[in-house]
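File shown: protein_19.cif. Contents: mmCIF, C-alpha atoms and all ligand atoms.
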data_start
loop_
_atom_site.label_atom_id
_atom_site.label_comp_id
_atom_site.auth_asym_id
_atom_site.auth_seq_id
_atom_site.Cartn_x
_atom_site.Cartn_y
_atom_site.Cartn_z
CA MET O 18 1.00 23.48 -18.82
CA THR O 19 3.17 20.67 -17.55
CA GLU O 20 1.84 18.62 -14.67
CA TRP O 21 2.72 19.76 -11.15
CA GLY O 22 5.49 17.86 -9.39
CA ASP O 23 4.76 15.24 -6.73
CA GLY O 24 5.34 17.59 -3.79
CA THR O 25 2.97 20.22 -5.15
CA ARG O 26 0.33 17.64 -6.01
CA CYS O 27 0.44 16.13 -2.51
CA VAL O 28 0.25 19.47 -0.72
CA HIS O 29 -2.67 20.68 -2.82
CA ALA O 30 -4.46 17.37 -3.48
CA GLY O 31 -8.14 17.70 -2.69
CA SER O 32 -7.84 21.34 -1.57
CA THR O 33 -10.54 23.85 -2.20
CA GLU O 34 -10.07 27.50 -3.17
CA PRO O 35 -8.70 29.54 -0.24
CA VAL O 36 -11.44 31.32 1.71
CA ALA O 37 -10.51 34.04 4.20
CA GLY O 38 -11.05 32.89 7.75
CA GLN O 39 -11.30 29.22 6.78
CA PRO O 40 -8.68 26.52 7.50
CA PHE O 41 -6.33 25.07 4.86
CA LEU O 42 -7.82 21.62 5.33
CA ALA O 43 -11.38 21.64 6.62
CA GLY O 44 -11.80 19.56 9.78
CA PRO O 45 -13.62 16.22 9.87
CA VAL O 46 -17.39 16.39 9.55
CA LEU O 47 -18.72 14.24 12.37
CA ALA O 48 -22.30 13.49 11.43
CA ALA O 49 -24.49 10.39 11.74
CA PRO O 50 -27.70 11.96 10.37
CA TYR O 51 -27.57 15.37 8.67
CA HIS O 52 -30.38 17.93 8.71
CA LEU O 53 -32.72 17.18 5.85
CA SER O 54 -33.97 19.86 3.51
CA PRO O 55 -37.76 20.14 3.44
CA GLY O 56 -37.94 18.75 -0.07
CA HIS O 57 -35.70 15.73 0.61
CA PRO O 58 -34.61 13.50 -1.12
CA GLY O 59 -32.20 15.85 -2.86
CA ALA O 60 -28.48 15.91 -3.53
CA ASP O 61 -27.60 16.71 0.11
CA ASP O 62 -25.89 14.37 2.51
CA PHE O 63 -28.56 12.71 4.65
CA TYR O 64 -26.84 9.88 6.60
CA GLY O 65 -23.18 9.26 7.50
CA ARG O 66 -23.02 5.71 6.13
CA ALA O 67 -23.95 6.98 2.66
CA GLY O 68 -21.88 10.14 2.32
CA ASN O 69 -19.48 12.49 4.06
CA PRO O 70 -17.68 15.61 2.77
CA THR O 71 -14.45 14.55 4.53
CA TRP O 72 -14.44 11.34 2.49
CA ARG O 73 -15.09 13.25 -0.71
CA ALA O 74 -12.17 15.62 -0.09
CA LEU O 75 -9.75 12.72 0.36
CA GLU O 76 -11.28 10.77 -2.53
CA SER O 77 -10.70 13.74 -4.78
CA ALA O 78 -7.08 13.98 -3.52
CA ILE O 79 -6.16 10.29 -3.90
CA GLY O 80 -8.18 9.99 -7.11
CA ALA O 81 -6.15 12.84 -8.63
CA LEU O 82 -2.87 11.14 -7.67
CA ASP O 83 -4.04 7.74 -8.96
CA GLY O 84 -5.63 9.21 -12.09
CA GLY O 85 -9.03 7.65 -11.34
CA LEU O 86 -12.25 7.72 -9.34
CA CYS O 87 -11.58 6.85 -5.72
CA THR O 88 -13.61 5.24 -2.93
CA VAL O 89 -12.14 5.22 0.58
CA PHE O 90 -12.43 2.36 3.07
CA PRO O 91 -11.60 1.82 6.76
CA SER O 92 -8.63 -0.48 5.97
CA GLY O 93 -6.74 -2.00 3.08
CA MET O 94 -8.52 -5.31 3.65
CA ALA O 95 -11.94 -3.59 3.61
CA ALA O 96 -10.96 -2.06 0.25
CA ILE O 97 -9.77 -5.38 -1.22
CA THR O 98 -12.64 -7.50 0.08
CA THR O 99 -15.29 -5.00 -1.05
CA LEU O 100 -13.66 -4.96 -4.48
CA LEU O 101 -13.66 -8.77 -4.70
CA ARG O 102 -17.27 -9.07 -3.51
CA THR O 103 -18.31 -6.39 -6.00
CA LEU O 104 -16.61 -7.89 -9.05
CA LEU O 105 -16.91 -11.63 -8.48
CA SER O 106 -19.97 -13.86 -8.79
CA PRO O 107 -20.15 -17.47 -7.57
CA GLY O 108 -18.03 -19.75 -9.75
CA ASP O 109 -15.92 -16.94 -11.23
CA LEU O 110 -12.18 -17.53 -11.62
CA LEU O 111 -9.88 -15.17 -9.78
CA VAL O 112 -6.11 -15.07 -10.38
CA VAL O 113 -4.15 -13.99 -7.29
CA PRO O 114 -0.45 -13.73 -6.50
CA SER O 115 0.78 -16.79 -4.62
CA ASP O 116 3.33 -14.56 -2.86
CA GLY O 117 1.23 -11.48 -2.08
CA TYR O 118 -0.31 -10.23 1.17
CA TYR O 119 -1.39 -13.47 2.90
CA LEU O 120 -4.77 -12.32 4.28
CA VAL O 121 -6.18 -11.94 0.76
CA ARG O 122 -5.72 -15.68 0.21
CA THR O 123 -7.23 -16.35 3.66
CA PHE O 124 -10.34 -14.27 2.76
CA LEU O 125 -10.83 -16.27 -0.44
CA THR O 126 -11.45 -19.50 1.42
CA GLY O 127 -14.84 -18.03 2.41
CA LEU O 128 -15.80 -16.92 -1.12
CA ASP O 129 -17.55 -19.19 -3.60
CA VAL O 130 -15.04 -18.55 -6.39
CA ARG O 131 -12.34 -20.54 -8.15
CA VAL O 132 -8.82 -19.37 -7.39
CA ARG O 133 -5.65 -19.71 -9.44
CA GLU O 134 -2.41 -18.71 -7.72
CA VAL O 135 0.40 -17.37 -9.88
CA PRO O 136 3.73 -16.11 -8.52
CA THR O 137 4.33 -12.40 -9.07
CA VAL O 138 7.25 -13.18 -11.39
CA GLY O 139 5.00 -15.40 -13.50
CA PRO O 140 5.11 -17.11 -15.95
CA TRP O 141 2.51 -14.66 -17.30
CA THR O 142 1.23 -16.58 -20.29
CA ALA O 143 -2.22 -16.74 -21.89
CA GLU O 144 -2.82 -19.91 -19.80
CA ALA O 145 -2.17 -18.00 -16.58
CA VAL O 146 -5.15 -15.69 -17.22
CA ALA O 147 -7.38 -18.04 -19.27
CA GLY O 148 -11.00 -18.05 -18.07
CA ALA O 149 -10.41 -15.38 -15.42
CA ARG O 150 -12.94 -12.74 -14.44
CA LEU O 151 -10.33 -10.81 -12.45
CA VAL O 152 -6.53 -10.84 -12.25
CA LEU O 153 -5.23 -9.38 -8.99
CA LEU O 154 -1.57 -8.36 -9.02
CA GLU O 155 0.61 -7.09 -6.21
CA THR O 156 3.70 -5.29 -7.42
CA PRO O 157 6.12 -4.86 -5.75
CA SER O 158 4.89 -7.91 -3.86
CA ASN O 159 4.83 -8.13 -0.11
CA PRO O 160 7.09 -9.39 1.32
CA GLY O 161 9.25 -10.70 -1.58
CA LEU O 162 9.46 -7.35 -3.46
CA ASP O 163 9.15 -9.12 -6.79
CA VAL O 164 7.72 -7.11 -9.65
CA CYS O 165 5.54 -7.94 -12.66
CA ASP O 166 4.84 -6.03 -15.86
CA ILE O 167 1.41 -4.44 -15.33
CA ALA O 168 0.98 -3.23 -18.94
CA ALA O 169 1.87 -6.61 -20.47
CA ILE O 170 -0.39 -8.56 -18.08
CA ALA O 171 -3.24 -6.09 -18.61
CA GLU O 172 -3.00 -6.74 -22.34
CA LEU O 173 -3.11 -10.51 -21.82
CA ALA O 174 -5.98 -10.28 -19.36
CA HIS O 175 -8.06 -7.87 -21.43
CA ALA O 176 -7.68 -10.16 -24.44
CA VAL O 177 -9.62 -12.85 -22.53
CA GLY O 178 -12.15 -10.39 -21.09
CA ALA O 179 -10.68 -10.26 -17.57
CA LEU O 180 -10.27 -7.14 -15.45
CA VAL O 181 -6.95 -6.30 -13.79
CA ALA O 182 -6.57 -4.93 -10.27
CA VAL O 183 -3.21 -3.96 -8.77
CA ASP O 184 -2.50 -3.85 -5.04
CA ASN O 185 -0.42 -0.67 -5.08
CA THR O 186 0.29 -0.55 -1.33
CA THR O 187 4.07 -0.87 -1.49
CA ALA O 188 4.48 1.58 -4.38
CA THR O 189 1.89 4.24 -3.31
CA PRO O 190 0.18 6.49 -5.89
CA LEU O 191 3.44 8.45 -6.25
CA GLY O 192 5.55 5.38 -6.91
CA GLN O 193 3.31 3.78 -9.54
CA ARG O 194 0.11 4.59 -11.43
CA PRO O 195 -1.43 1.24 -12.35
CA LEU O 196 -4.42 2.85 -14.10
CA GLU O 197 -2.10 4.62 -16.56
CA LEU O 198 -0.35 1.31 -17.18
CA GLY O 199 -3.61 -0.30 -18.31
CA ALA O 200 -5.00 -1.75 -15.06
CA ASP O 201 -8.70 -1.27 -14.35
CA VAL O 202 -8.32 -0.93 -10.60
CA SER O 203 -5.70 0.35 -8.17
CA VAL O 204 -6.33 -0.80 -4.61
CA ALA O 205 -4.19 -0.09 -1.56
CA SER O 206 -3.69 -0.16 2.15
CA ASP O 207 -3.11 3.50 3.03
CA THR O 208 -2.29 2.38 6.56
CA LYS O 209 1.27 2.30 5.24
CA ALA O 210 3.10 5.22 3.58
CA VAL O 211 0.06 7.24 2.48
CA ALA O 212 -1.13 7.86 6.06
CA GLY O 213 2.47 7.41 7.11
CA HIS O 214 2.39 7.99 10.87
CA SER O 215 1.55 4.51 12.21
CA ASP O 216 -1.60 5.79 13.89
CA VAL O 217 -4.48 4.95 11.54
CA LEU O 218 -5.74 2.09 9.38
CA PHE O 219 -7.12 3.02 5.98
CA GLY O 220 -7.58 1.86 2.39
CA HIS O 221 -8.91 2.91 -0.98
CA VAL O 222 -9.92 1.66 -4.42
CA SER O 223 -9.44 3.81 -7.55
CA VAL O 224 -11.01 2.84 -10.87
CA THR O 225 -11.40 4.28 -14.35
CA ASP O 226 -14.94 3.04 -14.97
CA GLU O 227 -17.66 5.30 -13.56
CA ALA O 228 -20.23 2.49 -13.27
CA LEU O 229 -17.79 0.41 -11.20
CA TRP O 230 -17.03 3.44 -9.01
CA THR O 231 -20.78 3.98 -8.39
CA GLU O 232 -21.19 0.32 -7.49
CA LEU O 233 -18.21 0.41 -5.06
CA GLN O 234 -19.71 3.46 -3.35
CA ARG O 235 -23.06 1.65 -3.13
CA GLN O 236 -21.42 -1.49 -1.73
CA ARG O 237 -19.71 0.60 0.93
CA THR O 238 -23.05 2.10 1.97
CA VAL O 239 -24.80 -1.26 2.00
CA SER O 240 -22.04 -3.19 3.80
CA GLY O 241 -21.34 -0.43 6.30
CA ALA O 242 -17.57 -0.86 5.77
CA ILE O 243 -17.09 2.90 6.16
CA PRO O 244 -14.07 4.88 7.34
CA GLY O 245 -14.49 7.26 10.28
CA PRO O 246 -14.38 10.94 9.30
CA PHE O 247 -11.61 11.67 11.80
CA GLU O 248 -9.40 8.85 10.43
CA THR O 249 -10.15 10.10 6.92
CA TRP O 250 -9.02 13.59 7.88
CA MET O 251 -5.83 12.19 9.46
CA VAL O 252 -4.98 10.41 6.20
CA HIS O 253 -5.58 13.59 4.21
CA ARG O 254 -3.30 15.48 6.61
CA GLY O 255 -0.60 12.80 6.22
CA LEU O 256 -0.91 12.72 2.44
CA GLY O 257 0.38 16.31 2.23
CA THR O 258 3.90 15.17 3.18
CA LEU O 259 3.97 11.88 1.25
CA ASP O 260 6.44 13.17 -1.32
CA VAL O 261 9.07 14.31 1.19
CA ARG O 262 8.58 11.27 3.39
CA LEU O 263 9.03 8.88 0.47
CA ALA O 264 12.14 10.76 -0.64
CA ARG O 265 13.81 10.39 2.78
CA GLN O 266 12.69 6.76 3.08
CA ALA O 267 14.15 5.91 -0.33
CA GLU O 268 17.38 7.75 0.50
CA ASN O 269 17.66 5.77 3.73
CA ALA O 270 16.82 2.49 1.99
CA ALA O 271 19.50 3.11 -0.65
CA ALA O 272 22.13 3.89 2.02
CA LEU O 273 21.23 0.84 4.11
CA VAL O 274 21.06 -1.52 1.13
CA ALA O 275 24.54 -0.43 0.03
CA LYS O 276 25.95 -1.08 3.52
CA LEU O 277 24.11 -4.35 4.15
CA ARG O 278 25.23 -5.85 0.82
CA GLY O 279 28.77 -5.82 2.17
CA HIS O 280 27.97 -7.14 5.65
CA GLU O 281 29.10 -10.69 6.47
CA ALA O 282 25.93 -11.57 8.42
CA VAL O 283 23.54 -10.47 5.67
CA ALA O 284 22.36 -12.40 2.61
CA ASP O 285 19.95 -11.80 -0.26
CA VAL O 286 19.25 -8.06 0.06
CA ARG O 287 16.26 -7.15 -2.14
CA TRP O 288 15.20 -3.62 -3.12
CA PRO O 289 13.64 -2.85 -6.52
CA GLY O 290 15.56 0.44 -6.51
CA SER O 291 18.95 -1.33 -6.77
CA PRO O 292 20.23 -1.58 -10.35
CA ASP O 293 21.41 -5.14 -9.67
CA ASP O 294 18.10 -6.32 -8.15
CA PRO O 295 16.25 -8.95 -10.27
CA SER O 296 13.12 -6.74 -10.22
CA HIS O 297 14.90 -3.54 -11.23
CA ALA O 298 14.50 -3.75 -15.01
CA ILE O 299 10.68 -3.88 -14.96
CA ALA O 300 10.41 -1.71 -11.84
CA SER O 301 12.41 1.12 -13.36
CA ARG O 302 10.21 1.01 -16.47
CA GLN O 303 6.86 1.13 -14.72
CA MET O 304 7.57 2.75 -11.36
CA ARG O 305 8.00 6.50 -11.00
CA ARG O 306 10.15 6.22 -7.88
CA PHE O 307 11.17 3.68 -5.23
CA GLY O 308 10.18 3.58 -1.59
CA GLY O 309 11.81 2.67 1.69
CA VAL O 310 10.90 -1.02 1.98
CA PHE O 311 13.57 -3.64 1.39
CA THR O 312 14.31 -7.16 2.62
CA PHE O 313 17.37 -9.06 3.74
CA GLU O 314 18.12 -12.40 5.29
CA LEU O 315 19.95 -13.23 8.51
CA ALA O 316 20.98 -16.79 9.36
CA SER O 317 18.26 -17.45 11.96
CA ALA O 318 15.21 -16.10 13.78
CA GLU O 319 17.39 -15.66 16.90
CA LEU O 320 19.76 -13.42 15.02
CA VAL O 321 16.86 -11.19 13.96
CA THR O 322 15.72 -10.95 17.58
CA ARG O 323 19.24 -9.98 18.66
CA PHE O 324 19.55 -7.43 15.87
CA VAL O 325 16.33 -5.65 16.89
CA ARG O 326 17.33 -5.75 20.57
CA GLU O 327 20.72 -4.26 19.84
CA SER O 328 19.34 -1.43 17.69
CA ARG O 329 18.48 1.88 19.30
CA LEU O 330 16.47 3.16 16.33
CA VAL O 331 14.81 0.10 14.77
CA SER O 332 11.85 -1.54 16.43
CA ALA O 333 9.92 -4.66 15.52
CA ALA O 334 6.56 -3.91 13.93
CA THR O 335 4.40 -5.59 11.35
CA SER O 336 3.65 -2.69 9.07
CA PHE O 337 5.73 -0.42 6.86
CA GLY O 338 5.88 3.06 5.38
CA GLY O 339 5.79 4.99 8.67
CA LEU O 340 8.03 7.65 10.19
CA HIS O 341 9.97 5.13 12.25
CA SER O 342 12.34 2.50 10.91
CA THR O 343 10.92 -0.95 11.61
CA ALA O 344 11.90 -4.57 11.05
CA ASP O 345 9.47 -7.45 10.59
CA ARG O 346 10.47 -11.13 10.57
CA ARG O 347 7.88 -12.37 8.10
CA ALA O 348 8.13 -16.10 8.91
CA HIS O 349 6.74 -15.15 12.32
CA TRP O 350 3.41 -14.41 10.58
CA GLY O 351 3.41 -17.59 8.50
CA ASP O 352 4.72 -16.21 5.20
CA PRO O 353 6.49 -19.01 3.29
CA VAL O 354 9.92 -17.35 3.57
CA PRO O 355 13.20 -18.21 5.33
CA GLU O 356 13.13 -17.94 9.16
CA GLY O 357 15.62 -15.07 9.16
CA LEU O 358 14.01 -12.96 6.40
CA VAL O 359 13.51 -9.37 7.55
CA ARG O 360 11.23 -6.89 5.84
CA PHE O 361 12.77 -3.55 6.73
CA SER O 362 10.92 -0.28 6.43
CA ALA O 363 13.30 2.67 6.38
CA GLY O 364 11.88 5.60 8.32
CA LEU O 365 12.68 9.28 8.34
CA GLU O 366 15.66 9.23 10.67
CA ASP O 367 18.87 10.90 9.46
CA SER O 368 20.66 8.57 7.06
CA HIS O 369 23.99 8.57 8.85
CA ASP O 370 22.34 7.87 12.24
CA LEU O 371 20.32 5.01 10.81
CA VAL O 372 23.15 3.38 8.88
CA HIS O 373 25.45 3.65 11.88
CA ASP O 374 22.83 2.19 14.23
CA VAL O 375 21.86 -0.70 11.94
CA VAL O 376 25.44 -1.75 11.19
CA ASP O 377 26.36 -1.46 14.85
CA ALA O 378 23.34 -3.53 15.90
CA LEU O 379 24.17 -6.22 13.34
CA ASP O 380 27.79 -6.37 14.47
CA ARG O 381 26.74 -6.77 18.07
CA ALA O 382 24.00 -9.30 17.17
CA VAL O 383 26.52 -11.49 15.39
CA GLY O 384 29.08 -11.22 18.18
CA GLY O 385 26.93 -11.39 21.31
CA PRO O 386 24.74 -13.99 23.07
CA VAL O 387 20.92 -13.86 23.05
CA GLN O 388 19.74 -12.01 26.21
C1 LIG M 1 0.20 -5.33 0.22
C2 LIG M 1 -0.85 -5.20 1.27
N1 LIG M 1 -2.14 -5.19 0.91
C3 LIG M 1 -3.12 -5.07 1.82
C4 LIG M 1 -2.85 -4.99 3.17
C5 LIG M 1 -3.98 -4.89 4.15
O1 LIG M 1 -4.11 -3.58 4.62
P1 LIG M 1 -4.71 -3.17 6.05
O2 LIG M 1 -3.79 -3.69 7.09
O3 LIG M 1 -4.78 -1.67 5.98
O4 LIG M 1 -6.07 -3.81 6.14
C6 LIG M 1 -1.53 -4.99 3.60
C7 LIG M 1 -1.22 -4.90 5.04
O5 LIG M 1 -0.10 -5.15 5.46
C8 LIG M 1 -0.51 -5.10 2.62
O6 LIG M 1 0.78 -5.12 2.97
#

Show how you would write the structure in this file as C-alpha cells.
Amino acid sequence: MTEWGDGTRCVHAGSTEPVAGQPFLAGPVLAAPYHLSPGHPGADDFYGRAGNPTWRALESAIGALDGGLCTVFPSGMAAITTLLRTLLSPGDLLVVPSDGYYLVRTFLTGLDVRVREVPTVGPWTAEAVAGARLVLLETPSNPGLDVCDIAAIAELAHAVGALVAVDNTTATPLGQRPLELGADVSVASDTKAVAGHSDVLFGHVSVTDEALWTELQRQRTVSGAIPGPFETWMVHRGLGTLDVRLARQAENAAALVAKLRGHEAVADVRWPGSPDDPSHAIASRQMRRFGGVFTFELASAELVTRFVRESRLVSAATSFGGLHSTADRRAHWGDPVPEGLVRFSAGLEDSHDLVHDVVDALDRAVGGPVQ
C-alpha cells in the first residue's frame, strides 16, 4: 500500500486502536511515582522522570513522521544540548553552522570541545568535516534561510567517521526527513510549527540507531531534563493539525513574498519556496514542502518598528510557526544581520486579509513619522 498522506499521518500519528468509551487522544498521565507491582522491578513505569505513557505516545507519533526513534525534551535547547553532551567527549571536534540558531554557539563555550564554524552554504569540502566527531547542520538556517545538501554532506562526514545531526526546526518533520537523506539525527524545537499555538516550549531528537536512542533516553532520566506530561499532550494535540497549518502558512508566505518583492521599501526577500531564491534548487530537491517563514529587509530598525505598529494583524514576537503572523527584527537579538532584517512568520490568517494588512502597514510605515 502507498504511504498515507501528510494530513492522515498527522491526525493518526501515535494513535491507538479505538476503544468504545475512551477518548481519541488519551489525556496526560500526571504521575511522579507510579504504584509498583509486588515483584518490581518489572517493565512497568515506576517514576515520572524515567518514563511516562504520554511521552511514549508522542514519541511514537513524531518518530513515525521523522522515520526514526524519538526522544522528547522540554525545549529545543534541551534536545540539542542533551544530544551534544551525549555524543561529544572532551577534545572532540564539532562542526556547527556559523549562521544557525545563536544559543547553540553560546552553549558550546561551556563545553570542553573543539568547534569549527562553517556557514550553511559551505564550502562543504573534505576539509570542512576533517577530524570531526559530529557535524551539526541547520537547514533551512535560522534566520538566513540558507540551505545545504544533507545527503552530500552526510556522505562526506561518514567518510571521515563523523555523525551528522540536522536541526530540522524550520522545516518540521513534514517539510524534510533528514534521516531518509542520510543524517544520523534529526533534532528540533517543536515550540515552533509542530506545537504551533505559541503556548508551549518543546523539543525532540529522532535517531536511526537504537543504542543512541537508549542512551538519549537514559541521559534524559539522569539529567532530569524532562518534559511535563501536560505540555507533551498539548504538543500531540497540536501535531494533529500540522499539515493544514503548514499548508495555509506556506500559501500566505507565497502571497506575501510575491507582493513584497515588488514593494519599494523592501529589499532581499528570502524564501526557499521561491523558484528564484538562491536556496531553491537544493531545497526543492531535499524538502517535501515549504513553510511559512521568510525574511526581508527594510532600510532601518525604525522602519521595522513603524511597520509592526502600523499593522493590525502582525505582532512582534521572537518565535515562528504559530497561528499568528509575527515579525522579528533579528539584529535586536544580536544575530549578525542587517539592522532592518525581519524574520516573518506567516500565520493562519486569510491570505487576502494578511497581504492587504502587510502592504498597507508598509506603505504607512514608509510615509509616516515614528510615533
Ligand atoms: C533553529 C532553532 N533551533 C533551536 C531552537 C531552540 O528551541 P527552544 O526555544 O524550543 O529551546 C530555536 C529557537 O528559536 C531555533 O529557531

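The residues sitting within 6 Å of ligand LIG 1 (chain M), with all atoms listed in the file considered, come out as Ser92, Gly93, Met94, Tyr118, Asn159, Thr186, Ser206, Thr208, Leu218, Phe219, Gly220 and Ser336 of chain O.
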
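Distances to Ala210 in chain O were evaluated for O:Gly339, O:Gly148, O:Pro246, O:Gly108 using all atoms listed in the file, and the minimum falls at O:Gly339.
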
- Message: For a test of reading the model, state the distance in Å between CA of Asn185 in chain O and CA of Gly84 in chain O, rounded to one decimal.
- Response: 13.2 Å

- Message: Taking 3 positions as the minimum chain separation for residues in the same chain, which residues sit within 7 Å of Arg150 in chain O when counting all atoms listed in the file? Answer as number ranges by chain.
- Response: O: 109-111, 179-180

Kindly save the residues from that selection, with C-alpha atoms included, as a PDB file, in the coordinates of the input.
ATOM      1  CA  ASP O 109     -15.920 -16.940 -11.230  1.00  0.00           C
ATOM      2  CA  LEU O 110     -12.180 -17.530 -11.620  1.00  0.00           C
ATOM      3  CA  LEU O 111      -9.880 -15.170  -9.780  1.00  0.00           C
ATOM      4  CA  ALA O 179     -10.680 -10.260 -17.570  1.00  0.00           C
ATOM      5  CA  LEU O 180     -10.270  -7.140 -15.450  1.00  0.00           C
TER       6      LEU O 180
END

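The shortest atom-to-atom distance to His297 in chain O, with only C-alpha atoms taken into account, belongs to O:Pro157 out of O:Pro190, O:Gly213, O:Pro157, O:Gly139.
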
- Task: Skip Ala174 in chain O itself and residues of its chain fewer than 5 positions away, then list as a PyMOL selection string all residues within 9 Å of it, counting only C-alpha atoms.
- Result: chain O and resi 143+146-147+149-152+169+179-181

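With only C-alpha atoms as the atoms that count, the minimum distance from Ala318 in chain O to the choices O:Val36, O:Val132, O:Asp345, O:Leu47 is reached by O:Asp345.
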
- Message: Ranking O:Ser106, O:Ala271, O:Ser240, O:Arg26 by minimum distance to Ala78 in chain O and counting all atoms listed in the file, which one comes first?
- Response: O:Arg26

- Message: Give me the residues near range 247-251 of chain O as an NGL selection string, where near means some atom within 7 Å (using only C-alpha atoms) and where sequence neighbours in that chain fewer than 5 positions away do not count.
- Response: :O and (44-45 or 71-72 or 217)

- Message: Need the shell around range 56-65 of chain O: protein/DNA/RNA residues with any atom at most 10 Å away, counting only C-alpha atoms. Skip same-chain ones fewer than 3 positions apart. Format as a ChimeraX atom specification?
- Response: /O:46-53,68-70,238,241,243,245-246

- Message: If we count all atoms listed in the file and set the cut-off at 12 Å, which residues sit around Thr99 in chain O, ignoring sequence neighbours fewer than 3 positions away in its own chain? Please answer as number ranges by chain.
- Response: O: 88-96, 102-105, 121, 124, 128, 204, 220-222, 229-230, 232-243

- Item | Separation of CA of Leu162 in chain O from CA of Val261 in chain O, in Å and rounded to one decimal | 22.2 Å

- Task: Mind giving me the straight-line distance from CA of Leu42 in chain O to CA of Glu76 in chain O in Å, one decimal?
- Result: 13.8 Å

- Message: Which residue is closest to His280 in chain O? Choose from O:Glu314, O:Arg122, O:Leu371, O:Trp141 and count all atoms listed in the file.
- Response: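 Among the listed residues, O:Glu314 lies closest to His280 in chain O.
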
- Compute the distance from (-6.2, 0.6, -18.2) to each atom, counting all atoms listed in the file, keep the residues with any atom at most 10 Å away, and return them as an NGL selection string; use the coordinates of the file. :O and (167-168 or 171-172 or 175 or 180-182 or 195-202 or 224-226)

Axis-aligned box over every listed atom of range 22-38 of chain O, padded by 4 Å per side: centre and edges in Å to one decimal, as JSON?
{"center_x": -3.0, "center_y": 24.6, "center_z": -0.8, "size_x": 24.9, "size_y": 26.8, "size_z": 25.1}

- Can you tell me, as a list in words, which residues sit within 6 Å of (10.7, 4.4, -10.0) in the file's frame, using all atoms listed in the file? Ser301, Met304, Arg305, Arg306 and Phe307 of chain O

- Nearest residue to Leu191 in chain O from the set O:Thr98, O:Ser296, O:Thr25, O:Ser332 (distances using only C-alpha atoms):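 Checking each of O:Thr98, O:Ser296, O:Thr25, O:Ser332 against Leu191 in chain O, counting only C-alpha atoms, the winner is O:Thr25.
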